[in-house]
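Everything below belongs to upload_4.txt, which stores compact mmCIF, C-alpha atoms.
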```txt
# COMPACT_ATOMS: atom_id res chain seq x y z
CA MET A 6 -0.80 18.39 52.26
CA GLU A 7 -1.26 14.66 51.81
CA GLN A 8 -1.00 13.51 48.23
CA ARG A 9 -4.45 12.51 47.05
CA ILE A 10 -7.37 13.36 44.80
CA SER A 11 -10.52 12.82 46.84
CA MET A 12 -13.14 13.32 44.15
CA THR A 13 -13.27 13.78 40.39
CA THR A 14 -16.45 15.49 39.18
CA LEU A 15 -17.79 15.76 35.64
CA ALA A 16 -19.96 18.82 35.07
CA VAL A 17 -22.64 17.81 32.58
CA PRO A 18 -25.64 19.55 31.05
CA ASP A 19 -27.93 16.55 31.67
CA VAL A 20 -27.22 14.58 34.85
CA ALA A 21 -29.89 11.93 34.19
CA GLN A 22 -28.47 11.16 30.75
CA ALA A 23 -24.91 10.86 32.03
CA ARG A 24 -26.08 8.72 34.96
CA GLN A 25 -27.88 6.39 32.57
CA PHE A 26 -24.61 5.82 30.70
CA PHE A 27 -22.56 4.90 33.77
CA GLU A 28 -25.28 3.08 35.68
CA GLY A 29 -27.43 1.48 32.98
CA GLY A 30 -24.80 1.25 30.26
CA LEU A 31 -21.62 0.36 32.14
CA GLY A 32 -23.29 -1.21 35.15
CA TRP A 33 -21.67 1.00 37.78
CA GLU A 34 -23.46 1.13 41.12
CA VAL A 35 -24.69 4.54 42.26
CA ASN A 36 -23.83 5.26 45.87
CA ALA A 37 -26.16 8.20 46.38
CA ALA A 38 -28.06 10.83 44.43
CA PRO A 39 -29.12 13.27 47.11
CA SER A 40 -30.67 15.63 44.55
CA PRO A 41 -31.42 15.50 40.80
CA GLU A 42 -28.30 17.62 40.29
CA VAL A 43 -25.70 15.18 41.63
CA VAL A 44 -24.80 11.50 41.56
CA PHE A 45 -21.95 9.89 43.56
CA PHE A 46 -20.13 6.65 42.72
CA GLN A 47 -17.61 4.94 45.02
CA VAL A 48 -14.35 4.37 43.19
CA ILE A 49 -11.08 3.03 44.55
CA GLY A 50 -9.73 5.43 47.12
CA GLY A 51 -12.32 8.11 46.54
CA VAL A 52 -15.41 9.38 44.79
CA PHE A 53 -16.46 9.97 41.21
CA ALA A 54 -19.38 12.36 40.69
CA LEU A 55 -21.68 13.71 38.02
CA TYR A 56 -22.88 17.23 38.69
CA SER A 57 -25.14 19.69 36.94
CA ARG A 58 -23.16 22.32 35.04
CA ASP A 59 -25.66 24.99 36.07
CA ALA A 60 -25.25 24.03 39.71
CA LEU A 61 -21.45 24.12 39.44
CA GLU A 62 -21.57 27.58 37.87
CA LYS A 63 -23.71 28.78 40.75
CA GLU A 64 -21.42 27.15 43.31
CA ILE A 65 -18.16 28.60 42.01
CA GLY A 66 -19.60 31.90 40.84
CA ARG A 67 -18.37 31.85 37.25
CA GLY A 68 -19.07 30.24 33.91
CA VAL A 69 -17.98 26.72 33.06
CA THR A 70 -16.79 25.82 29.58
CA ARG A 71 -19.26 24.43 27.03
CA ASP A 72 -16.31 22.98 25.15
CA THR A 73 -16.60 19.23 25.24
CA THR A 74 -12.96 18.31 24.61
CA GLY A 75 -11.91 19.24 28.09
CA ALA A 76 -8.42 19.90 29.29
CA ILE A 77 -8.79 17.04 31.77
CA THR A 78 -9.07 13.41 30.77
CA LEU A 79 -10.01 10.38 32.80
CA ALA A 80 -8.53 6.96 32.23
CA TRP A 81 -9.88 3.51 32.93
CA ASN A 82 -7.06 0.97 32.84
CA ALA A 83 -7.66 -2.59 31.69
CA ARG A 84 -5.64 -5.68 32.57
CA SER A 85 -5.03 -6.70 28.94
CA GLU A 86 -5.37 -5.48 25.36
CA SER A 87 -8.38 -7.71 24.83
CA GLU A 88 -10.07 -6.15 27.84
CA VAL A 89 -9.50 -2.74 26.22
CA ASP A 90 -11.25 -3.97 23.06
CA GLU A 91 -14.16 -5.39 25.05
CA THR A 92 -14.56 -2.32 27.22
CA PHE A 93 -14.34 0.06 24.26
CA GLU A 94 -17.14 -1.89 22.54
CA LYS A 95 -19.18 -1.93 25.73
CA ALA A 96 -18.83 1.83 26.15
CA VAL A 97 -19.83 2.49 22.54
CA SER A 98 -22.80 0.13 22.86
CA ALA A 99 -23.81 2.04 25.98
CA GLY A 100 -23.89 5.34 24.09
CA ALA A 101 -20.34 6.70 24.07
CA LYS A 102 -18.92 8.11 20.82
CA PRO A 103 -15.74 6.49 19.53
CA VAL A 104 -12.94 9.08 19.33
CA LYS A 105 -9.89 6.85 18.87
CA HIS A 106 -10.27 3.13 18.30
CA PRO A 107 -7.95 0.84 20.31
CA GLU A 108 -4.44 0.82 18.91
CA LYS A 109 -0.82 0.43 19.94
CA ALA A 110 0.27 3.66 21.62
CA PHE A 111 3.61 5.42 21.23
CA TRP A 112 4.30 4.96 24.96
CA GLY A 113 4.26 1.17 24.72
CA GLY A 114 0.68 0.44 25.69
CA TYR A 115 -2.64 -0.03 23.94
CA SER A 116 -5.11 2.83 24.09
CA SER A 117 -8.48 4.15 22.98
CA TYR A 118 -10.65 7.18 23.69
CA VAL A 119 -14.41 7.58 23.85
CA GLU A 120 -16.59 10.62 24.45
CA VAL A 121 -19.16 9.83 27.13
CA PRO A 122 -22.64 11.40 27.24
CA GLY A 123 -22.11 14.94 28.49
CA GLY A 124 -19.06 15.32 26.23
CA HIS A 125 -16.11 14.28 28.40
CA LEU A 126 -13.27 12.10 27.19
CA LEU A 127 -12.50 8.75 28.80
CA GLU A 128 -9.34 6.88 27.85
CA ILE A 129 -9.65 3.10 27.96
CA ALA A 130 -6.15 1.66 27.95
CA HIS A 131 -3.79 -1.12 28.91
CA ASN A 132 -0.43 -0.06 30.30
CA PRO A 133 1.88 -3.09 30.60
CA PHE A 134 4.20 -1.15 32.92
CA TRP A 135 1.51 -0.43 35.54
CA VAL A 136 0.22 -3.41 37.49
CA ILE A 137 -3.45 -3.41 38.42
CA GLU A 138 -4.00 -4.98 41.81
CA THR A 139 -6.78 -7.36 42.76
CA ASP A 140 -9.03 -4.54 43.96
CA GLY A 141 -8.40 -2.56 40.76
CA ALA A 142 -5.97 -0.06 42.30
CA ILE A 143 -2.67 0.90 40.68
CA THR A 144 0.52 1.24 42.69
CA LEU A 145 3.30 2.77 40.67
CA PRO A 146 6.88 1.47 40.83
CA PRO A 147 9.20 3.37 43.22
CA PRO A 148 9.88 7.00 42.24
CA GLN A 149 12.41 7.37 39.47
CA PRO A 150 14.68 10.37 39.13
CA ASP A 151 14.13 12.42 35.94
CA MET B 26 -16.43 -3.08 33.76
CA GLU B 27 -15.01 -2.65 37.24
CA GLN B 28 -15.86 0.63 38.88
CA ARG B 29 -12.74 2.74 39.00
CA ILE B 30 -10.95 5.79 37.68
CA SER B 31 -7.34 4.77 37.07
CA MET B 32 -5.84 8.15 36.21
CA THR B 33 -6.87 11.79 36.21
CA THR B 34 -4.81 13.97 33.86
CA LEU B 35 -4.63 17.75 33.69
CA ALA B 36 -3.73 19.07 30.24
CA VAL B 37 -1.66 22.21 30.79
CA PRO B 38 0.14 24.64 28.51
CA ASP B 39 3.31 24.60 30.64
CA VAL B 40 4.12 21.29 32.32
CA ALA B 41 7.17 22.60 34.20
CA GLN B 42 5.15 25.44 35.75
CA ALA B 43 2.33 23.13 36.84
CA ARG B 44 4.86 20.61 38.19
CA GLN B 45 6.53 23.33 40.23
CA PHE B 46 3.20 24.10 41.91
CA PHE B 47 2.44 20.53 42.97
CA GLU B 48 6.01 19.47 43.72
CA GLY B 49 7.70 22.62 44.98
CA GLY B 50 4.62 24.42 46.26
CA LEU B 51 2.51 21.65 47.76
CA GLY B 52 5.31 19.22 48.42
CA TRP B 53 3.91 16.30 46.42
CA GLU B 54 6.44 13.66 45.40
CA VAL B 55 6.84 13.07 41.67
CA ASN B 56 6.84 9.39 40.77
CA ALA B 57 8.24 9.72 37.25
CA ALA B 58 8.64 12.27 34.47
CA PRO B 59 9.62 10.11 31.51
CA SER B 60 9.63 13.11 29.15
CA PRO B 61 9.33 16.91 29.55
CA GLU B 62 5.70 16.54 28.44
CA VAL B 63 4.42 14.40 31.30
CA VAL B 64 4.66 14.05 35.08
CA PHE B 65 3.10 11.22 37.14
CA PHE B 66 2.15 11.35 40.82
CA GLN B 67 1.00 8.33 42.85
CA VAL B 68 -2.31 9.06 44.53
CA ILE B 69 -4.51 6.75 46.53
CA GLY B 70 -5.77 3.97 44.29
CA GLY B 71 -4.35 5.39 41.09
CA VAL B 72 -2.41 8.05 39.27
CA PHE B 73 -2.60 11.81 38.87
CA ALA B 74 -0.78 13.27 35.86
CA LEU B 75 0.20 16.57 34.27
CA TYR B 76 0.41 16.42 30.49
CA SER B 77 1.26 18.87 27.76
CA ARG B 78 -1.85 20.19 26.04
CA ASP B 79 -0.09 20.07 22.67
CA ALA B 80 0.82 16.43 23.25
CA LEU B 81 -2.76 15.56 24.25
CA GLU B 82 -4.11 17.23 21.11
CA LYS B 83 -1.72 15.18 19.02
CA GLU B 84 -2.64 11.99 20.88
CA ILE B 85 -6.41 12.30 20.55
CA GLY B 86 -6.40 13.99 17.16
CA ARG B 87 -8.49 17.03 17.99
CA GLY B 88 -8.27 20.36 19.74
CA VAL B 89 -8.46 20.69 23.52
CA THR B 90 -10.22 23.62 25.12
CA ARG B 91 -8.26 26.75 26.11
CA ASP B 92 -11.05 27.60 28.53
CA THR B 93 -9.64 27.46 32.03
CA THR B 94 -12.87 26.93 33.96
CA GLY B 95 -13.13 23.32 32.93
CA ALA B 96 -16.20 21.15 33.11
CA ILE B 97 -14.31 18.79 35.41
CA THR B 98 -13.25 19.68 38.92
CA LEU B 99 -10.93 17.91 41.31
CA ALA B 100 -11.41 17.87 45.04
CA TRP B 101 -8.95 17.49 47.86
CA ASN B 102 -10.79 16.64 51.07
CA ALA B 103 -9.50 17.76 54.45
CA ARG B 104 -10.17 16.20 57.85
CA SER B 105 -11.41 19.43 59.43
CA GLU B 106 -12.46 22.99 58.65
CA SER B 107 -9.18 24.31 60.00
CA GLU B 108 -7.29 22.01 57.66
CA VAL B 109 -9.28 23.53 54.77
CA ASP B 110 -8.18 27.00 55.87
CA GLU B 111 -4.55 25.93 56.18
CA THR B 112 -4.50 24.10 52.86
CA PHE B 113 -6.23 26.95 51.02
CA GLU B 114 -3.57 29.34 52.33
CA LYS B 115 -0.80 26.93 51.41
CA ALA B 116 -2.13 26.56 47.87
CA VAL B 117 -2.42 30.33 47.43
CA SER B 118 1.09 30.82 48.82
CA ALA B 119 2.31 28.22 46.33
CA GLY B 120 0.87 30.20 43.40
CA ALA B 121 -2.80 29.19 43.08
CA LYS B 122 -5.41 31.92 42.54
CA PRO B 123 -8.18 32.12 45.12
CA VAL B 124 -11.57 31.59 43.44
CA LYS B 125 -13.81 31.02 46.45
CA HIS B 126 -12.52 31.53 49.97
CA PRO B 127 -13.39 28.84 52.53
CA GLU B 128 -16.98 29.13 53.70
CA LYS B 129 -19.88 27.03 54.94
CA ALA B 130 -21.39 25.23 51.95
CA PHE B 131 -25.09 24.66 51.23
CA TRP B 132 -24.54 20.90 51.40
CA GLY B 133 -23.43 20.97 55.03
CA GLY B 134 -19.66 21.10 54.59
CA TYR B 135 -16.98 23.75 54.36
CA SER B 136 -15.53 24.45 50.95
CA SER B 137 -13.16 26.58 48.90
CA TYR B 138 -11.89 26.67 45.34
CA VAL B 139 -8.53 27.66 43.89
CA GLU B 140 -7.27 27.85 40.32
CA VAL B 141 -3.96 26.04 40.03
CA PRO B 142 -1.21 27.03 37.57
CA GLY B 143 -2.44 25.85 34.18
CA GLY B 144 -5.95 27.09 34.92
CA HIS B 145 -7.73 24.08 36.47
CA LEU B 146 -10.00 24.31 39.47
CA LEU B 147 -9.28 22.42 42.67
CA GLU B 148 -11.86 22.29 45.44
CA ILE B 149 -10.40 22.14 48.96
CA ALA B 150 -13.18 21.04 51.28
CA HIS B 151 -14.25 19.32 54.46
CA ASN B 152 -17.25 17.01 54.21
CA PRO B 153 -18.35 15.93 57.69
CA PHE B 154 -20.42 13.08 56.19
CA TRP B 155 -17.46 11.41 54.43
CA VAL B 156 -14.85 9.83 56.68
CA ILE B 157 -11.23 10.06 55.55
CA GLU B 158 -9.34 6.92 56.46
CA THR B 159 -5.81 6.75 57.86
CA ASP B 160 -4.29 6.40 54.40
CA GLY B 161 -6.34 9.33 53.06
CA ALA B 162 -8.89 7.24 51.16
CA ILE B 163 -12.64 7.82 51.38
CA THR B 164 -15.10 4.96 51.67
CA LEU B 165 -18.67 6.12 51.23
CA PRO B 166 -21.48 4.85 53.45
CA PRO B 167 -23.53 1.96 51.98
CA PRO B 168 -25.50 2.84 48.84
CA GLN B 169 -28.67 4.75 49.51
CA PRO B 170 -31.76 4.50 47.32
CA ASP B 171 -32.76 7.78 45.61
```
For the file at hand, write its structure as structure tokens.
Amino acid sequence: MEQRISMTTLAVPDVAQARQFFEGGLGWEVNAAPSPEVVFFQVIGGVFALYSRDALEKEIGRGVTRDTTGAITLAWNARSESEVDETFEKAVSAGAKPVKHPEKAFWGGYSSYVEVPGGHLLEIAHNPFWVIETDGAITLPPPQPD
Amino acid sequence: MEQRISMTTLAVPDVAQARQFFEGGLGWEVNAAPSPEVVFFQVIGGVFALYSRDALEKEIGRGVTRDTTGAITLAWNARSESEVDETFEKAVSAGAKPVKHPEKAFWGGYSSYVEVPGGHLLEIAHNPFWVIETDGAITLPPPQPD
């Protein structure tokens, strides 16, 4: 089983509202929205999607949490601390709620959290130990034994 | 704000148990586990992590849901329907719970869902409209107007 995550999907109560945040607020380009219930964005190596919570419940045949502090987080890594500050402000201006303002993190980086429309958490951080390549991808250093 | 997701993190009650599933069960290579609370895996274009739920709660300063049917899903895309069948069986053998057995999906593909140790949902699917490249990445067709 090759080691990859092909798609990360946020289940949201209001797809149009969440789309407006990423597309209108952050300026991300929508790849396709084949129905009002789903929106696809191309991201590096894969796909990021917004999907109707009702539709997901129907698809998987059971209820999906209404709890907005999910047990999954997404991170957007910046190239510098100042880019974290700028991006945090941009996200808040675009309608995200500040959860944790940018600050030095215990792990040696600089990190912040916002809650995006639909309730999910997005970390906006700079990790000085992880190099971001020209295309935005991250390649970790060689595996390290525990 | 460049269009990417740098890291996807599953918050889990038992990091060692979840690690065992991905590493021992699925055969994924761990990149680093700098503390017992976190494990990093290199995936295409970014990072996939397992993180202690208690540690995440401390980091973000609020509670994280105990609800296991999260409002985020992760997908692993296969190159064929038979690879979906094989991978679904492999995941179940490795300790995942079957949620939806592989079947033809309404959107034209072939899809299944499992619940991995820690409670998160992973879709294992084949999408005939999305080509998987040699390295496992997906590049969507050009953007399509709504």
Of the listed residues B:Arg29, B:Lys125, B:His145, B:His151, that which approaches B:Thr90 most closely, counting all atoms listed in the file =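 That would be B:His145, the residue with the smallest distance to B:Thr90.
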All in-order C-alpha pairs, least squares, chain A moved onto chain B. Output the fitted coordinates as an mmCIF file with C-alpha atoms, keeping the file's coordinate frame, please.
```
data_model
loop_
_atom_site.group_PDB
_atom_site.id
_atom_site.type_symbol
_atom_site.label_atom_id
_atom_site.label_comp_id
_atom_site.auth_asym_id
_atom_site.auth_seq_id
_atom_site.Cartn_x
_atom_site.Cartn_y
_atom_site.Cartn_z
ATOM 1 C CA MET A 6 -16.391 -3.077 33.754
ATOM 2 C CA GLU A 7 -14.978 -2.657 37.240
ATOM 3 C CA GLN A 8 -15.855 0.633 38.858
ATOM 4 C CA ARG A 9 -12.727 2.752 39.012
ATOM 5 C CA ILE A 10 -10.932 5.805 37.683
ATOM 6 C CA SER A 11 -7.332 4.783 37.077
ATOM 7 C CA MET A 12 -5.827 8.151 36.219
ATOM 8 C CA THR A 13 -6.879 11.793 36.217
ATOM 9 C CA THR A 14 -4.817 13.966 33.866
ATOM 10 C CA LEU A 15 -4.646 17.753 33.686
ATOM 11 C CA ALA A 16 -3.736 19.067 30.245
ATOM 12 C CA VAL A 17 -1.669 22.204 30.785
ATOM 13 C CA PRO A 18 0.131 24.629 28.495
ATOM 14 C CA ASP A 19 3.291 24.606 30.648
ATOM 15 C CA VAL A 20 4.106 21.285 32.322
ATOM 16 C CA ALA A 21 7.158 22.609 34.198
ATOM 17 C CA GLN A 22 5.145 25.433 35.754
ATOM 18 C CA ALA A 23 2.334 23.134 36.857
ATOM 19 C CA ARG A 24 4.849 20.607 38.207
ATOM 20 C CA GLN A 25 6.534 23.333 40.235
ATOM 21 C CA PHE A 26 3.203 24.114 41.911
ATOM 22 C CA PHE A 27 2.448 20.537 42.965
ATOM 23 C CA GLU A 28 6.003 19.459 43.713
ATOM 24 C CA GLY A 29 7.705 22.614 44.988
ATOM 25 C CA GLY A 30 4.623 24.410 46.271
ATOM 26 C CA LEU A 31 2.500 21.630 47.756
ATOM 27 C CA GLY A 32 5.323 19.199 48.416
ATOM 28 C CA TRP A 33 3.904 16.294 46.423
ATOM 29 C CA GLU A 34 6.419 13.652 45.389
ATOM 30 C CA VAL A 35 6.836 13.068 41.657
ATOM 31 C CA ASN A 36 6.826 9.397 40.753
ATOM 32 C CA ALA A 37 8.215 9.725 37.246
ATOM 33 C CA ALA A 38 8.629 12.256 34.463
ATOM 34 C CA PRO A 39 9.603 10.115 31.509
ATOM 35 C CA SER A 40 9.610 13.113 29.155
ATOM 36 C CA PRO A 41 9.303 16.907 29.544
ATOM 37 C CA GLU A 42 5.678 16.542 28.444
ATOM 38 C CA VAL A 43 4.401 14.390 31.315
ATOM 39 C CA VAL A 44 4.661 14.042 35.079
ATOM 40 C CA PHE A 45 3.088 11.218 37.145
ATOM 41 C CA PHE A 46 2.164 11.346 40.839
ATOM 42 C CA GLN A 47 1.005 8.331 42.872
ATOM 43 C CA VAL A 48 -2.306 9.077 44.540
ATOM 44 C CA ILE A 49 -4.519 6.748 46.544
ATOM 45 C CA GLY A 50 -5.765 3.988 44.304
ATOM 46 C CA GLY A 51 -4.360 5.422 41.111
ATOM 47 C CA VAL A 52 -2.397 8.066 39.272
ATOM 48 C CA PHE A 53 -2.598 11.817 38.871
ATOM 49 C CA ALA A 54 -0.788 13.281 35.856
ATOM 50 C CA LEU A 55 0.176 16.569 34.274
ATOM 51 C CA TYR A 56 0.403 16.428 30.504
ATOM 52 C CA SER A 57 1.250 18.870 27.758
ATOM 53 C CA ARG A 58 -1.868 20.192 26.033
ATOM 54 C CA ASP A 59 -0.100 20.064 22.672
ATOM 55 C CA ALA A 60 0.813 16.434 23.243
ATOM 56 C CA LEU A 61 -2.760 15.556 24.234
ATOM 57 C CA GLU A 62 -4.117 17.225 21.100
ATOM 58 C CA LYS A 63 -1.730 15.168 19.006
ATOM 59 C CA GLU A 64 -2.631 11.977 20.867
ATOM 60 C CA ILE A 65 -6.401 12.297 20.543
ATOM 61 C CA GLY A 66 -6.394 13.974 17.149
ATOM 62 C CA ARG A 67 -8.490 17.026 17.985
ATOM 63 C CA GLY A 68 -8.286 20.356 19.747
ATOM 64 C CA VAL A 69 -8.462 20.701 23.509
ATOM 65 C CA THR A 70 -10.236 23.626 25.131
ATOM 66 C CA ARG A 71 -8.264 26.742 26.099
ATOM 67 C CA ASP A 72 -11.042 27.593 28.527
ATOM 68 C CA THR A 73 -9.630 27.447 32.011
ATOM 69 C CA THR A 74 -12.854 26.921 33.967
ATOM 70 C CA GLY A 75 -13.136 23.325 32.931
ATOM 71 C CA ALA A 76 -16.192 21.162 33.109
ATOM 72 C CA ILE A 77 -14.317 18.796 35.422
ATOM 73 C CA THR A 78 -13.249 19.690 38.932
ATOM 74 C CA LEU A 79 -10.926 17.917 41.307
ATOM 75 C CA ALA A 80 -11.411 17.883 45.046
ATOM 76 C CA TRP A 81 -8.952 17.484 47.876
ATOM 77 C CA ASN A 82 -10.794 16.625 51.083
ATOM 78 C CA ALA A 83 -9.496 17.761 54.457
ATOM 79 C CA ARG A 84 -10.175 16.195 57.846
ATOM 80 C CA SER A 85 -11.425 19.432 59.442
ATOM 81 C CA GLU A 86 -12.463 22.995 58.636
ATOM 82 C CA SER A 87 -9.191 24.314 60.002
ATOM 83 C CA GLU A 88 -7.286 22.013 57.673
ATOM 84 C CA VAL A 89 -9.273 23.520 54.782
ATOM 85 C CA ASP A 90 -8.174 27.009 55.871
ATOM 86 C CA GLU A 91 -4.543 25.927 56.176
ATOM 87 C CA THR A 92 -4.500 24.100 52.867
ATOM 88 C CA PHE A 93 -6.227 26.949 51.030
ATOM 89 C CA GLU A 94 -3.558 29.351 52.337
ATOM 90 C CA LYS A 95 -0.805 26.919 51.414
ATOM 91 C CA ALA A 96 -2.135 26.562 47.873
ATOM 92 C CA VAL A 97 -2.411 30.329 47.423
ATOM 93 C CA SER A 98 1.097 30.821 48.817
ATOM 94 C CA ALA A 99 2.306 28.225 46.327
ATOM 95 C CA GLY A 100 0.872 30.180 43.397
ATOM 96 C CA ALA A 101 -2.784 29.189 43.077
ATOM 97 C CA LYS A 102 -5.397 31.917 42.531
ATOM 98 C CA PRO A 103 -8.172 32.131 45.110
ATOM 99 C CA VAL A 104 -11.561 31.584 43.435
ATOM 100 C CA LYS A 105 -13.807 31.021 46.456
ATOM 101 C CA HIS A 106 -12.503 31.532 49.970
ATOM 102 C CA PRO A 107 -13.385 28.831 52.537
ATOM 103 C CA GLU A 108 -16.971 29.113 53.695
ATOM 104 C CA LYS A 109 -19.879 27.031 54.931
ATOM 105 C CA ALA A 110 -21.380 25.230 51.940
ATOM 106 C CA PHE A 111 -25.066 24.671 51.228
ATOM 107 C CA TRP A 112 -24.533 20.890 51.387
ATOM 108 C CA GLY A 113 -23.428 20.982 55.020
ATOM 109 C CA GLY A 114 -19.672 21.101 54.611
ATOM 110 C CA TYR A 115 -16.979 23.745 54.368
ATOM 111 C CA SER A 116 -15.537 24.455 50.944
ATOM 112 C CA SER A 117 -13.157 26.575 48.900
ATOM 113 C CA TYR A 118 -11.886 26.667 45.327
ATOM 114 C CA VAL A 119 -8.527 27.657 43.893
ATOM 115 C CA GLU A 120 -7.280 27.858 40.322
ATOM 116 C CA VAL A 121 -3.958 26.042 40.033
ATOM 117 C CA PRO A 122 -1.218 27.041 37.567
ATOM 118 C CA GLY A 123 -2.419 25.831 34.180
ATOM 119 C CA GLY A 124 -5.940 27.086 34.939
ATOM 120 C CA HIS A 125 -7.728 24.093 36.468
ATOM 121 C CA LEU A 126 -10.003 24.310 39.478
ATOM 122 C CA LEU A 127 -9.262 22.412 42.680
ATOM 123 C CA GLU A 128 -11.850 22.298 45.450
ATOM 124 C CA ILE A 129 -10.406 22.137 48.955
ATOM 125 C CA ALA A 130 -13.175 21.041 51.289
ATOM 126 C CA HIS A 131 -14.236 19.309 54.467
ATOM 127 C CA ASN A 132 -17.241 17.019 54.204
ATOM 128 C CA PRO A 133 -18.363 15.922 57.689
ATOM 129 C CA PHE A 134 -20.426 13.092 56.185
ATOM 130 C CA TRP A 135 -17.463 11.429 54.431
ATOM 131 C CA VAL A 136 -14.857 9.839 56.673
ATOM 132 C CA ILE A 137 -11.248 10.052 55.548
ATOM 133 C CA GLU A 138 -9.344 6.923 56.468
ATOM 134 C CA THR A 139 -5.830 6.757 57.855
ATOM 135 C CA ASP A 140 -4.289 6.398 54.398
ATOM 136 C CA GLY A 141 -6.336 9.338 53.085
ATOM 137 C CA ALA A 142 -8.882 7.240 51.175
ATOM 138 C CA ILE A 143 -12.630 7.833 51.370
ATOM 139 C CA THR A 144 -15.094 4.975 51.668
ATOM 140 C CA LEU A 145 -18.647 6.128 51.227
ATOM 141 C CA PRO A 146 -21.485 4.852 53.429
ATOM 142 C CA PRO A 147 -23.517 1.953 51.954
ATOM 143 C CA PRO A 148 -25.494 2.827 48.803
ATOM 144 C CA GLN A 149 -28.678 4.724 49.493
ATOM 145 C CA PRO A 150 -31.743 4.486 47.298
ATOM 146 C CA ASP A 151 -32.731 7.773 45.594
#
```
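Considering only C-alpha atoms, the residue among B:Ala119, B:Val68, B:Val156, B:Leu146 positioned nearest to chain A is B:Val68.
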Residue nearest chain B among A:Arg84, A:Arg58, A:Lys109, A:Lys63 (counting all atoms listed in the file) | A:Arg58
Please indicate the distance in Å from atom CA of A:Trp81 to atom CA of A:Ile129, rounded to one decimal place.
->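 Atom-to-atom, atom CA of A:Trp81 and atom CA of A:Ile129 are spaced 5.0 Å apart.
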Quick one: which residues from chain B are at most 8 Å off chain A, using only C-alpha atoms, as JSON, numbers by chain?
-> {"B": [26, 27, 28, 29, 30, 31, 32, 33, 34, 35, 36, 37, 51, 52, 53, 54, 55, 56, 57, 58, 59, 67, 68, 69, 70, 71, 72, 73, 78, 85, 88, 89, 90, 91, 92, 93, 94, 95, 96, 97, 98, 99, 100, 101, 102, 112, 124, 125, 138, 161, 162, 163, 164, 165, 166, 167, 168, 169, 170, 171]}
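Separating atom CA of B:Lys122 from atom CA of B:Glu106 is a distance of 19.7 Å.
Pairwise distance (atom CA of B:Gln45, atom CA of B:Pro123) equals 17.8 Å.
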Nearby residues (all atoms listed in the file) at most 9 Å from B:Phe46, same-chain spacing under 2 positions excluded, as a list in words | Ala41, Gln42, Ala43, Arg44, Glu48, Gly49, Gly50, Leu51, Gly52, Ala116, Ala119, Gly120, Ala121, Val141 and Pro142 of chain B
Write out, as a JSON list (two decimals), in the coordinates of the input, the residues just selected, with C-alpha atoms.
```
[["chain", "number", "residue", "atom", "x", "y", "z"],
["B", 41, "ALA", "CA", 7.17, 22.60, 34.20],
["B", 42, "GLN", "CA", 5.15, 25.44, 35.75],
["B", 43, "ALA", "CA", 2.33, 23.13, 36.84],
["B", 44, "ARG", "CA", 4.86, 20.61, 38.19],
["B", 48, "GLU", "CA", 6.01, 19.47, 43.72],
["B", 49, "GLY", "CA", 7.70, 22.62, 44.98],
["B", 50, "GLY", "CA", 4.62, 24.42, 46.26],
["B", 51, "LEU", "CA", 2.51, 21.65, 47.76],
["B", 52, "GLY", "CA", 5.31, 19.22, 48.42],
["B", 116, "ALA", "CA", -2.13, 26.56, 47.87],
["B", 119, "ALA", "CA", 2.31, 28.22, 46.33],
["B", 120, "GLY", "CA", 0.87, 30.20, 43.40],
["B", 121, "ALA", "CA", -2.80, 29.19, 43.08],
["B", 141, "VAL", "CA", -3.96, 26.04, 40.03],
["B", 142, "PRO", "CA", -1.21, 27.03, 37.57]]
```
Could you pull the residues within 9 Å of B:Ser105, counting all atoms listed in the file, minus those fewer than 4 positions along the same chain, as a list in words?
->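 Contacts, with the query itself left out: Val109, Asp110, Tyr135, Ala150, His151, Asn152 and Pro153 of chain B.
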